[in-house]
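Heads up, the thing below is written out as structure tokens.
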Amino acid sequence: MKATLEAINQMQTDGVIGKYAIGGAVGATFYLQPAATLDVDIFVTLPTSPGGLLLSLAPIYDYLKSRGGVVEDEYIVIGGWPVQFLPPSGELEREAVAESVSTEVEGVNTWVMTAEHLIAIALRTGRPKDHNRILQFIEQDAVDRGKLQGIIERYGLASRWQQFGHKYLGDEFGGNDE
Amino acid sequence: MSKPRMRARQAALSFSEKIKVLEKLRDRDRAIAASGLRAKAEKGDLTLPHLKRIK
């Protein structure tokens, strides 16, 4: 992972990408017990053209391939880890990247999404494994409930949060807080 | 040690230590995938001797 993050940081220094943050299962690992995962999700802001149009991920792949990265389907393997680069698909993810927390892995600086943003993104994605991850955050008390509530309200996820609460928690956590 | 306590202990590891655990889990999963054991289990080619005796 050290080599993976070093490559990504260098790519940032060289201007190929802007700010980035680790999300997904590896991001959640920052707050929870480690759980098996096969890839790293990197949410990454991309430089825009003068006309404001987003560039594609091609420069990222070209940059990393020239430095030994190997493309496998939607991933590029760097430092032994398959990495999926994800441009933020909306304001929630843009905020998540902007407000990511600084940390380090084996002496290499990096950024991880906050627990609350990880939960909100998982809630919006809504697969069984996303719900499982949210439950782990709750069970391990690794979430600031006030901050989470603010994000949920800001991004129109209140209904989903209620449904999640009714399904898994009764009204203990995600129920009728009106 | 209880499971909740074990989870709490693992959650309290540094990010670097957790990443090392992830890498071991990843390598284990790759080794299992490469061995073909899962495919054999799905085909029913793997049976335990005591299960044969019970049958």
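Each chain of the structure tokens is named A, B, ... in the order shown, its residues numbered from 1; ligands are numbered from 1 in display order.
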What residues in chain A lie within 6 Å of chain B, counting only C-alpha atoms, written as a ChimeraX atom specification? /A:30,32-34,36,38,105-106
Would you return as a ChimeraX atom specification the members of range 3-118 of chain A that DSSP assigns to helix (DSSP H, G or I) on this structure's backbone? /A:3-13,24-29,58-65,91-98,115-118
Using only C-alpha atoms, which of A:Ile22, A:Tyr168, A:Val16, A:Glu139 sits nearest Ser102 in chain A?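 Checking each candidate against Ser102 in chain A, we get A:Ile22 as the closest.
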Can you tell me, as a ChimeraX atom specification, which residues in range 89-146 of chain A count as strand (DSSP E or B) by DSSP? /A:101-105,108-112
Hey, what's within 7 Å of Thr4 in chain A if we count only C-alpha atoms and toss same-chain stuff fewer than 2 positions away? As a list in words, please?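 Contacts, in chain order: Met1, Lys2, Glu6, Ala7, Ile8, Ile78, Gly79 and Trp81 of chain A.
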Looking at only C-alpha atoms, which of A:Leu157, A:Ala96, A:Ile42, A:Ile138 is the one that sits closest to Pro82 in chain A?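 Nearest candidate to Pro82 in chain A out of A:Leu157, A:Ala96, A:Ile42, A:Ile138: A:Ile42.
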Using only C-alpha atoms, which residues sit within 12 Å of His131 in chain A once same-chain residues fewer than 2 positions away are excluded, as a list in words?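 Surrounding residues, per the criterion: Leu118, Ile119, Ala120, Ile121, Ala122, Leu123, Arg124, Thr125, Gly126, Arg127, Pro128, Lys129, Arg133, Ile134, Leu135, Gln136, Phe137, Ile138, Arg160, Trp161, Gln163, Phe164, Gly165, Lys167, Tyr168 and Leu169 of chain A.
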Given only C-alpha atoms as the counted atoms, nearest of A:Tyr31, A:Tyr155, A:Tyr61, A:Tyr75 to Thr103 in chain A: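 The closest residue to Thr103 in chain A is A:Tyr31.
Shortest atom-to-atom contact with Lys3 in chain B among A:Arg67, A:Gln140, A:Ala58, A:Gly27: A:Gln140, counting only C-alpha atoms.
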